[in-house]
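upload_21.cif follows (mmCIF, C-alpha atoms and all ligand atoms; chains and numbers go by the auth columns):
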data_input
loop_
_atom_site.group_PDB
_atom_site.id
_atom_site.type_symbol
_atom_site.label_atom_id
_atom_site.label_comp_id
_atom_site.label_asym_id
_atom_site.label_seq_id
_atom_site.Cartn_x
_atom_site.Cartn_y
_atom_site.Cartn_z
_atom_site.B_iso_or_equiv
_atom_site.auth_seq_id
_atom_site.auth_asym_id
ATOM 1 C CA MET A 1 104.944 95.082 80.993 0.00 260 A
ATOM 2 C CA ASN A 2 106.744 98.423 81.057 0.00 261 A
ATOM 3 C CA ASN A 3 109.864 97.006 82.747 0.00 262 A
ATOM 4 C CA ASN A 4 109.903 99.619 85.509 0.00 263 A
ATOM 5 C CA VAL A 5 111.010 99.002 89.071 0.00 264 A
ATOM 6 C CA LEU A 6 109.713 101.105 91.953 0.00 265 A
ATOM 7 C CA LEU A 7 111.808 101.408 95.088 0.00 266 A
ATOM 8 C CA ILE A 8 109.588 101.959 98.099 0.00 267 A
ATOM 9 C CA GLY A 9 110.420 102.269 101.786 0.00 268 A
ATOM 10 C CA PHE A 10 110.727 104.644 104.680 0.00 269 A
ATOM 11 C CA MET A 11 112.244 108.125 104.455 0.00 270 A
ATOM 12 C CA GLY A 12 116.013 108.055 104.359 0.00 271 A
ATOM 13 C CA VAL A 13 116.352 104.322 103.721 0.00 272 A
ATOM 14 C CA GLY A 14 118.423 105.023 100.583 0.00 273 A
ATOM 15 C CA LYS A 15 115.969 104.680 97.679 0.00 274 A
ATOM 16 C CA GLY A 16 117.605 107.410 95.566 0.00 275 A
ATOM 17 C CA THR A 17 121.161 106.258 96.242 0.00 276 A
ATOM 18 C CA LEU A 18 120.273 102.691 95.309 0.00 277 A
ATOM 19 C CA ALA A 19 118.442 103.763 92.158 0.00 278 A
ATOM 20 C CA ARG A 20 121.585 105.573 90.988 0.00 279 A
ATOM 21 C CA ALA A 21 123.747 102.549 91.870 0.00 280 A
ATOM 22 C CA ILE A 22 121.447 100.218 89.899 0.00 281 A
ATOM 23 C CA VAL A 23 121.754 102.507 86.850 0.00 282 A
ATOM 24 C CA LYS A 24 125.556 102.171 86.984 0.00 283 A
ATOM 25 C CA ASN A 25 125.167 98.385 86.873 0.00 284 A
ATOM 26 C CA SER A 26 122.429 98.069 84.243 0.00 285 A
ATOM 27 C CA ASP A 27 120.699 99.651 81.236 0.00 286 A
ATOM 28 C CA PHE A 28 117.974 101.239 83.345 0.00 287 A
ATOM 29 C CA PHE A 29 117.411 104.983 83.578 0.00 288 A
ATOM 30 C CA ALA A 30 116.314 106.409 86.956 0.00 289 A
ATOM 31 C CA ILE A 31 113.888 109.064 88.141 0.00 290 A
ATOM 32 C CA ASP A 32 112.625 110.118 91.560 0.00 291 A
ATOM 33 C CA THR A 33 109.008 111.010 92.303 0.00 292 A
ATOM 34 C CA ASP A 34 109.943 113.797 94.728 0.00 293 A
ATOM 35 C CA ASP A 35 112.284 115.297 92.109 0.00 294 A
ATOM 36 C CA LEU A 36 109.495 115.184 89.521 0.00 295 A
ATOM 37 C CA ILE A 37 107.104 116.921 91.913 0.00 296 A
ATOM 38 C CA GLU A 38 109.666 119.568 92.860 0.00 297 A
ATOM 39 C CA SER A 39 110.327 120.227 89.207 0.00 298 A
ATOM 40 C CA LEU A 40 106.621 120.427 88.372 0.00 299 A
ATOM 41 C CA GLU A 41 106.053 122.902 91.191 0.00 300 A
ATOM 42 C CA ASN A 42 109.442 124.637 91.036 0.00 301 A
ATOM 43 C CA ARG A 43 109.499 124.384 94.848 0.00 302 A
ATOM 44 C CA LYS A 44 111.116 122.073 97.360 0.00 303 A
ATOM 45 C CA ILE A 45 108.985 119.423 99.100 0.00 304 A
ATOM 46 C CA LYS A 46 109.541 121.219 102.379 0.00 305 A
ATOM 47 C CA LYS A 47 108.082 124.404 100.926 0.00 306 A
ATOM 48 C CA ILE A 48 105.121 122.569 99.381 0.00 307 A
ATOM 49 C CA PHE A 49 104.284 121.082 102.813 0.00 308 A
ATOM 50 C CA ALA A 50 104.740 124.442 104.561 0.00 309 A
ATOM 51 C CA GLN A 51 102.781 126.535 102.056 0.00 310 A
ATOM 52 C CA ASP A 52 100.029 124.158 100.926 0.00 311 A
ATOM 53 C CA GLY A 53 100.017 121.268 103.412 0.00 312 A
ATOM 54 C CA GLU A 54 100.380 117.511 103.166 0.00 313 A
ATOM 55 C CA PRO A 55 97.055 116.770 101.357 0.00 314 A
ATOM 56 C CA TYR A 56 98.136 119.049 98.504 0.00 315 A
ATOM 57 C CA PHE A 57 101.449 117.164 98.291 0.00 316 A
ATOM 58 C CA ARG A 58 99.620 113.796 98.266 0.00 317 A
ATOM 59 C CA ALA A 59 97.467 115.013 95.361 0.00 318 A
ATOM 60 C CA LEU A 60 100.665 115.829 93.463 0.00 319 A
ATOM 61 C CA GLU A 61 101.959 112.324 94.192 0.00 320 A
ATOM 62 C CA LYS A 62 98.776 110.926 92.720 0.00 321 A
ATOM 63 C CA LYS A 63 99.183 113.014 89.589 0.00 322 A
ATOM 64 C CA CYS A 64 102.777 111.824 89.369 0.00 323 A
ATOM 65 C CA ALA A 65 101.685 108.166 89.712 0.00 324 A
ATOM 66 C CA VAL A 66 99.148 108.526 86.899 0.00 325 A
ATOM 67 C CA TRP A 67 101.774 110.160 84.696 0.00 326 A
ATOM 68 C CA CYS A 68 104.381 107.472 85.473 0.00 327 A
ATOM 69 C CA GLU A 69 101.960 104.704 84.534 0.00 328 A
ATOM 70 C CA ALA A 70 101.219 106.307 81.180 0.00 329 A
ATOM 71 C CA ASN A 71 104.706 107.450 80.234 0.00 330 A
ATOM 72 C CA ILE A 72 107.609 105.610 81.876 0.00 331 A
ATOM 73 C CA LYS A 73 109.431 102.441 80.803 0.00 332 A
ATOM 74 C CA ASN A 74 112.735 100.715 81.527 0.00 333 A
ATOM 75 C CA THR A 75 113.250 102.933 84.559 0.00 334 A
ATOM 76 C CA ILE A 76 114.080 102.591 88.230 0.00 335 A
ATOM 77 C CA ILE A 77 111.667 104.887 90.034 0.00 336 A
ATOM 78 C CA SER A 78 112.727 105.922 93.522 0.00 337 A
ATOM 79 C CA THR A 79 109.679 107.114 95.407 0.00 338 A
ATOM 80 C CA GLY A 80 108.841 109.333 98.358 0.00 339 A
ATOM 81 C CA GLY A 81 108.177 107.323 101.514 0.00 340 A
ATOM 82 C CA GLY A 82 104.388 107.719 101.212 0.00 341 A
ATOM 83 C CA PHE A 83 104.099 107.001 97.483 0.00 342 A
ATOM 84 C CA TYR A 84 103.414 103.294 98.088 0.00 343 A
ATOM 85 C CA ARG A 85 99.782 104.228 98.815 0.00 344 A
ATOM 86 C CA GLN A 86 99.065 105.083 95.178 0.00 345 A
ATOM 87 C CA GLU A 87 96.307 102.783 94.002 0.00 346 A
ATOM 88 C CA ASN A 88 97.866 102.254 90.562 0.00 347 A
ATOM 89 C CA ILE A 89 101.340 101.466 91.915 0.00 348 A
ATOM 90 C CA LYS A 90 101.281 97.887 90.639 0.00 349 A
ATOM 91 C CA ASN A 91 100.535 99.124 87.109 0.00 350 A
ATOM 92 C CA ILE A 92 103.635 101.307 87.141 0.00 351 A
ATOM 93 C CA GLY A 93 106.136 98.496 87.671 0.00 352 A
ATOM 94 C CA LYS A 94 107.563 95.867 89.993 0.00 353 A
ATOM 95 C CA VAL A 95 107.537 97.084 93.574 0.00 354 A
ATOM 96 C CA VAL A 96 110.707 96.546 95.607 0.00 355 A
ATOM 97 C CA TYR A 97 110.516 97.329 99.321 0.00 356 A
ATOM 98 C CA LEU A 98 113.813 98.367 100.906 0.00 357 A
ATOM 99 C CA GLN A 99 113.494 97.057 104.428 0.00 358 A
ATOM 100 C CA SER A 100 115.333 98.345 107.489 0.00 359 A
ATOM 101 C CA THR A 101 114.581 99.065 111.118 0.00 360 A
ATOM 102 C CA PHE A 102 113.625 102.583 112.170 0.00 361 A
ATOM 103 C CA ASP A 103 116.672 102.850 114.444 0.00 362 A
ATOM 104 C CA LYS A 104 119.093 101.848 111.666 0.00 363 A
ATOM 105 C CA ILE A 105 117.608 104.382 109.256 0.00 364 A
ATOM 106 C CA ILE A 106 117.824 107.229 111.757 0.00 365 A
ATOM 107 C CA GLU A 107 121.298 106.191 112.898 0.00 366 A
ATOM 108 C CA SER A 108 122.693 106.221 109.345 0.00 367 A
ATOM 109 C CA LEU A 109 120.984 109.541 108.587 0.00 368 A
ATOM 110 C CA LYS A 110 122.667 110.983 111.671 0.00 369 A
ATOM 111 C CA MET A 111 126.058 109.628 110.538 0.00 370 A
ATOM 112 C CA ALA A 112 125.776 111.025 106.990 0.00 371 A
ATOM 113 C CA PRO A 113 128.148 113.901 106.169 0.00 372 A
ATOM 114 C CA ASP A 114 125.203 116.097 105.133 0.00 373 A
ATOM 115 C CA SER A 115 123.022 114.854 107.975 0.00 374 A
ATOM 116 C CA LYS A 116 121.503 118.240 108.835 0.00 375 A
ATOM 117 C CA LYS A 117 120.321 118.743 105.262 0.00 376 A
ATOM 118 C CA LYS A 118 118.859 115.235 105.105 0.00 377 A
ATOM 119 C CA PHE A 119 116.700 115.912 108.168 0.00 378 A
ATOM 120 C CA LYS A 120 115.832 119.476 107.186 0.00 379 A
ATOM 121 C CA LYS A 121 114.398 118.595 103.795 0.00 380 A
ATOM 122 C CA ARG A 122 112.002 115.999 105.294 0.00 381 A
ATOM 123 C CA PRO A 123 109.134 117.664 107.193 0.00 382 A
ATOM 124 C CA LEU A 124 107.886 114.331 108.553 0.00 383 A
ATOM 125 C CA LEU A 125 111.260 113.673 110.236 0.00 384 A
ATOM 126 C CA SER A 126 111.203 116.895 112.255 0.00 385 A
ATOM 127 C CA ASP A 127 109.802 115.022 115.273 0.00 386 A
ATOM 128 C CA LEU A 128 111.348 111.557 115.665 0.00 387 A
ATOM 129 C CA ASN A 129 108.611 110.298 117.996 0.00 388 A
ATOM 130 C CA GLU A 130 106.012 111.139 115.379 0.00 389 A
ATOM 131 C CA ALA A 131 108.221 109.652 112.650 0.00 390 A
ATOM 132 C CA LYS A 132 108.448 106.366 114.582 0.00 391 A
ATOM 133 C CA LYS A 133 104.646 106.263 114.754 0.00 392 A
ATOM 134 C CA ILE A 134 104.464 106.715 110.977 0.00 393 A
ATOM 135 C CA TYR A 135 107.067 103.959 110.540 0.00 394 A
ATOM 136 C CA ASP A 136 105.102 101.550 112.751 0.00 395 A
ATOM 137 C CA LEU A 137 101.897 102.276 110.862 0.00 396 A
ATOM 138 C CA ARG A 138 103.494 101.768 107.484 0.00 397 A
ATOM 139 C CA VAL A 139 105.780 98.813 107.965 0.00 398 A
ATOM 140 C CA LYS A 140 103.145 96.133 107.271 0.00 399 A
ATOM 141 C CA GLU A 141 101.691 98.140 104.411 0.00 400 A
ATOM 142 C CA TYR A 142 105.085 98.370 102.716 0.00 401 A
ATOM 143 C CA GLU A 143 105.424 94.594 103.002 0.00 402 A
ATOM 144 C CA ASN A 144 101.928 93.996 101.674 0.00 403 A
ATOM 145 C CA VAL A 145 102.336 96.122 98.570 0.00 404 A
ATOM 146 C CA ALA A 146 105.811 94.764 97.734 0.00 405 A
ATOM 147 C CA ASP A 147 106.483 92.200 95.019 0.00 406 A
ATOM 148 C CA ILE A 148 110.038 91.851 96.314 0.00 407 A
ATOM 149 C CA ILE A 149 111.492 92.625 99.749 0.00 408 A
ATOM 150 C CA VAL A 150 115.184 93.412 100.115 0.00 409 A
ATOM 151 C CA ASN A 151 116.782 93.960 103.493 0.00 410 A
ATOM 152 C CA VAL A 152 119.239 96.855 103.329 0.00 411 A
ATOM 153 C CA GLU A 153 120.397 97.007 106.932 0.00 412 A
ATOM 154 C CA ASP A 154 124.012 96.021 106.115 0.00 413 A
ATOM 155 C CA TRP A 155 124.114 98.853 103.538 0.00 414 A
ATOM 156 C CA ASP A 156 126.506 96.869 101.324 0.00 415 A
ATOM 157 C CA ILE A 157 125.453 98.713 98.175 0.00 416 A
ATOM 158 C CA GLN A 158 126.957 96.321 95.634 0.00 417 A
ATOM 159 C CA ARG A 159 125.406 93.323 97.362 0.00 418 A
ATOM 160 C CA ILE A 160 122.015 95.044 97.465 0.00 419 A
ATOM 161 C CA VAL A 161 122.213 96.111 93.805 0.00 420 A
ATOM 162 C CA ASN A 162 123.062 92.536 92.787 0.00 421 A
ATOM 163 C CA GLU A 163 120.200 91.160 94.864 0.00 422 A
ATOM 164 C CA ILE A 164 117.704 93.575 93.307 0.00 423 A
ATOM 165 C CA LEU A 165 118.923 92.923 89.753 0.00 424 A
ATOM 166 C CA GLU A 166 118.705 89.170 90.366 0.00 425 A
ATOM 167 C CA LYS A 167 115.230 89.291 91.922 0.00 426 A
ATOM 168 C CA ILE A 168 113.632 91.496 89.263 0.00 427 A
ATOM 169 C CA LYS A 169 114.660 89.181 86.394 0.00 428 A
HETATM 170 C C1 LIG B . 107.521 111.400 102.704 0.00 501 A
HETATM 171 C C2 LIG B . 108.776 111.075 102.264 0.00 501 A
HETATM 172 C C3 LIG B . 109.634 112.014 101.538 0.00 501 A
HETATM 173 C C4 LIG B . 108.780 113.027 100.779 0.00 501 A
HETATM 174 C C5 LIG B . 107.836 113.705 101.715 0.00 501 A
HETATM 175 C C6 LIG B . 106.901 112.729 102.427 0.00 501 A
HETATM 176 C C7 LIG B . 106.739 110.389 103.454 0.00 501 A
HETATM 177 O O1 LIG B . 110.475 111.322 100.633 0.00 501 A
HETATM 178 O O2 LIG B . 108.072 112.400 99.742 0.00 501 A
HETATM 179 O O3 LIG B . 108.596 114.425 102.649 0.00 501 A
HETATM 180 O O4 LIG B . 105.513 110.538 103.599 0.00 501 A
HETATM 181 O O5 LIG B . 107.337 109.374 103.878 0.00 501 A
HETATM 182 P P1 LIG B . 111.732 110.393 101.111 0.00 501 A
HETATM 183 O O6 LIG B . 111.186 109.024 101.370 0.00 501 A
HETATM 184 O O7 LIG B . 112.670 110.438 99.967 0.00 501 A
HETATM 185 O O8 LIG B . 112.283 111.032 102.334 0.00 501 A
#
Would you encode the structure as structure tokens?
Amino acid sequence: MNNNVLLIGFMGVGKGTLARAIVKNSDFFAIDTDDLIESLENRKIKKIFAQDGEPYFRALEKKCAVWCEANIKNTIISTGGGFYRQENIKNIGKVVYLQSTFDKIIESLKMAPDSKKKFKKRPLLSDLNEAKKIYDLRVKEYENVADIIVNVEDWDIQRIVNEILEKIK
């Protein structure tokens, strides 16, 4: 296998932060699918949604998934919250679902020092009632696609990193 690990889960659950923390505690490198897409397009996700719409963004995610499968190894891949739908996801690496309740995720986003920015950059969080509907639709699907499920509600980063490193062995 290619020894990659994909972090999946809802928007704002901490996929990127955890990927960077895992790198500090291991020999993995880390990349982020949204960062790859932004770099490819030289535009922010928010702008891609506003100018070309969600289906265009999902097509870019698909392209990114195909590229990751062909080119990436030994890497922690943090993914956008909808990336788990890629049909080749299991060929890219082990899938780790970061599990938390909707309320906890929103609460910690609201408490973050750069809270405004965190909400602003995510078009699908602009309406929290709609976001909750997306969460409810996805929660079972995240579980179903996951090889490993890690609860992150306590947000004890070192504990979570250790748990992930142990479970992916
Ligand atoms: C999305 C999540 C975002 C980003 C885009 C769509 C989603 O990434 O890919 O706004 O559908 O859940 P984060 O999970 O990093 O917020």
Legend entry - atom CA of A:Arg397 to atom O6 of ligand LIG 501 (chain A), distance in Å rounded to a single decimal: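 Calculated distance between atom CA of A:Arg397 and atom O6 of ligand LIG 501 (chain A) is 12.2 Å.
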Please report, as AutoDock Vina command-line options, the centre and edge lengths in Å to one decimal of an axis-aligned box covering all listed atoms of ligand LIG 501 (chain A) with 4 Å per side.
--center_x 109.1 --center_y 111.7 --center_z 101.8 --size_x 15.2 --size_y 13.4 --size_z 12.1
Inset, instruction - For atom C1 of ligand LIG 501 (chain A) and atom CA of A:Ala324, determine how far apart the two atoms are, in Å to one decimal place. - result: 14.6 Å
Inset, instruction - Rounded to one decimal place, report the atom CA of A:Thr334-atom CA of A:Met260 distance in Å. - result: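 These two atoms are separated by 12.0 Å.
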Legend entry - Test item: residues lying within 9 Å of ligand LIG 501 (chain A) with all atoms listed in the file, as an MDAnalysis selection string: chainID A and resid 267:275 291:293 304:305 308 313 316:317 320 337:342 377:378 380:384 390 393:394
Legend entry - Given all atoms listed in the file as the counted atoms, nearest of A:Asp413, A:Arg302, A:Ile336, A:Val325 to A:Ala289: A:Ile336
Legend entry - 12 Å contact set for stretch 329-332 of chain A, all atoms listed in the file, chain neighbours under 5 positions out, as a list in words: Met260, Asn261, Asn262, Asn263, Val264, Leu265, Asp286, Phe287, Phe288, Ala289, Ile290, Asp291, Thr292, Lys322, Cys323, Ala324, Asn347, Ile348, Asn350, Ile351, Gly352 and Lys353 of chain A
Keeping only C-alpha atoms, write the selected residues to a file as a short mmCIF file (atom, residue, chain, number, x, y, z; two decimals), keeping the file's coordinate frame.
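That gives us result-v9.cif:
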data_model
loop_
_atom_site.label_atom_id
_atom_site.label_comp_id
_atom_site.auth_asym_id
_atom_site.auth_seq_id
_atom_site.Cartn_x
_atom_site.Cartn_y
_atom_site.Cartn_z
CA MET A 260 104.94 95.08 80.99
CA ASN A 261 106.74 98.42 81.06
CA ASN A 262 109.86 97.01 82.75
CA ASN A 263 109.90 99.62 85.51
CA VAL A 264 111.01 99.00 89.07
CA LEU A 265 109.71 101.10 91.95
CA ASP A 286 120.70 99.65 81.24
CA PHE A 287 117.97 101.24 83.34
CA PHE A 288 117.41 104.98 83.58
CA ALA A 289 116.31 106.41 86.96
CA ILE A 290 113.89 109.06 88.14
CA ASP A 291 112.62 110.12 91.56
CA THR A 292 109.01 111.01 92.30
CA LYS A 322 99.18 113.01 89.59
CA CYS A 323 102.78 111.82 89.37
CA ALA A 324 101.68 108.17 89.71
CA ASN A 347 97.87 102.25 90.56
CA ILE A 348 101.34 101.47 91.92
CA ASN A 350 100.54 99.12 87.11
CA ILE A 351 103.64 101.31 87.14
CA GLY A 352 106.14 98.50 87.67
CA LYS A 353 107.56 95.87 89.99
#
Inset, instruction - Write out as a PyMOL selection string which residues come within 10 Å of A:Ser374 when counting all atoms listed in the file, dropping same-chain ones fewer than 6 positions away. - result: chain A and resi 365+367-368
Inset, instruction - For A:Lys283, list every protein, DNA or RNA residue within 12 Å, evaluated using only C-alpha atoms, and leave out those in the same chain fewer than 4 positions away; present the list as a ChimeraX atom specification. - result: /A:276-279,287-289,335,416-417,420-421,424
Show me, as JSON lines, the residues of stretch 260-373 of chain A having an atom within 7 Å of stretch 401-410 of chain A, each with the closest atom pair and its distance in Å, using only C-alpha atoms.
{"residue": "A:Gly268", "atom": "CA", "partner": "A:Tyr401", "partner_atom": "CA", "distance": 6.7}
{"residue": "A:Tyr343", "atom": "CA", "partner": "A:Tyr401", "partner_atom": "CA", "distance": 7.0}
{"residue": "A:Lys353", "atom": "CA", "partner": "A:Asp406", "partner_atom": "CA", "distance": 6.3}
{"residue": "A:Val354", "atom": "CA", "partner": "A:Ala405", "partner_atom": "CA", "distance": 5.1}
{"residue": "A:Val355", "atom": "CA", "partner": "A:Ile407", "partner_atom": "CA", "distance": 4.8}
{"residue": "A:Tyr356", "atom": "CA", "partner": "A:Ile408", "partner_atom": "CA", "distance": 4.8}
{"residue": "A:Leu357", "atom": "CA", "partner": "A:Val409", "partner_atom": "CA", "distance": 5.2}
{"residue": "A:Gln358", "atom": "CA", "partner": "A:Asn410", "partner_atom": "CA", "distance": 4.6}
{"residue": "A:Ser359", "atom": "CA", "partner": "A:Asn410", "partner_atom": "CA", "distance": 6.1}
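Using all atoms listed in the file, the shortest contact distance between A:Ile364 and any of A:Ser385, A:Tyr315, A:Lys399, A:Val411 is found at A:Val411.
Closest approach to A:Glu412 from the set A:Phe361, A:Lys391, A:Val398, A:Lys428 is made by A:Phe361, with distances taken over all atoms listed in the file.
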Inset, instruction - Point out the residue among A:Asp362, A:Lys376, A:Glu328, A:Asp415 with the least atom-to-atom distance to A:Asn388, counting all atoms listed in the file. - result: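 Smallest separation from A:Asn388 among the options: A:Asp362.
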Legend entry - Using all atoms listed in the file: which of A:Leu396, A:Leu387, A:Ile281, A:Ala318 has the shortest distance to A:Glu422: A:Ile281
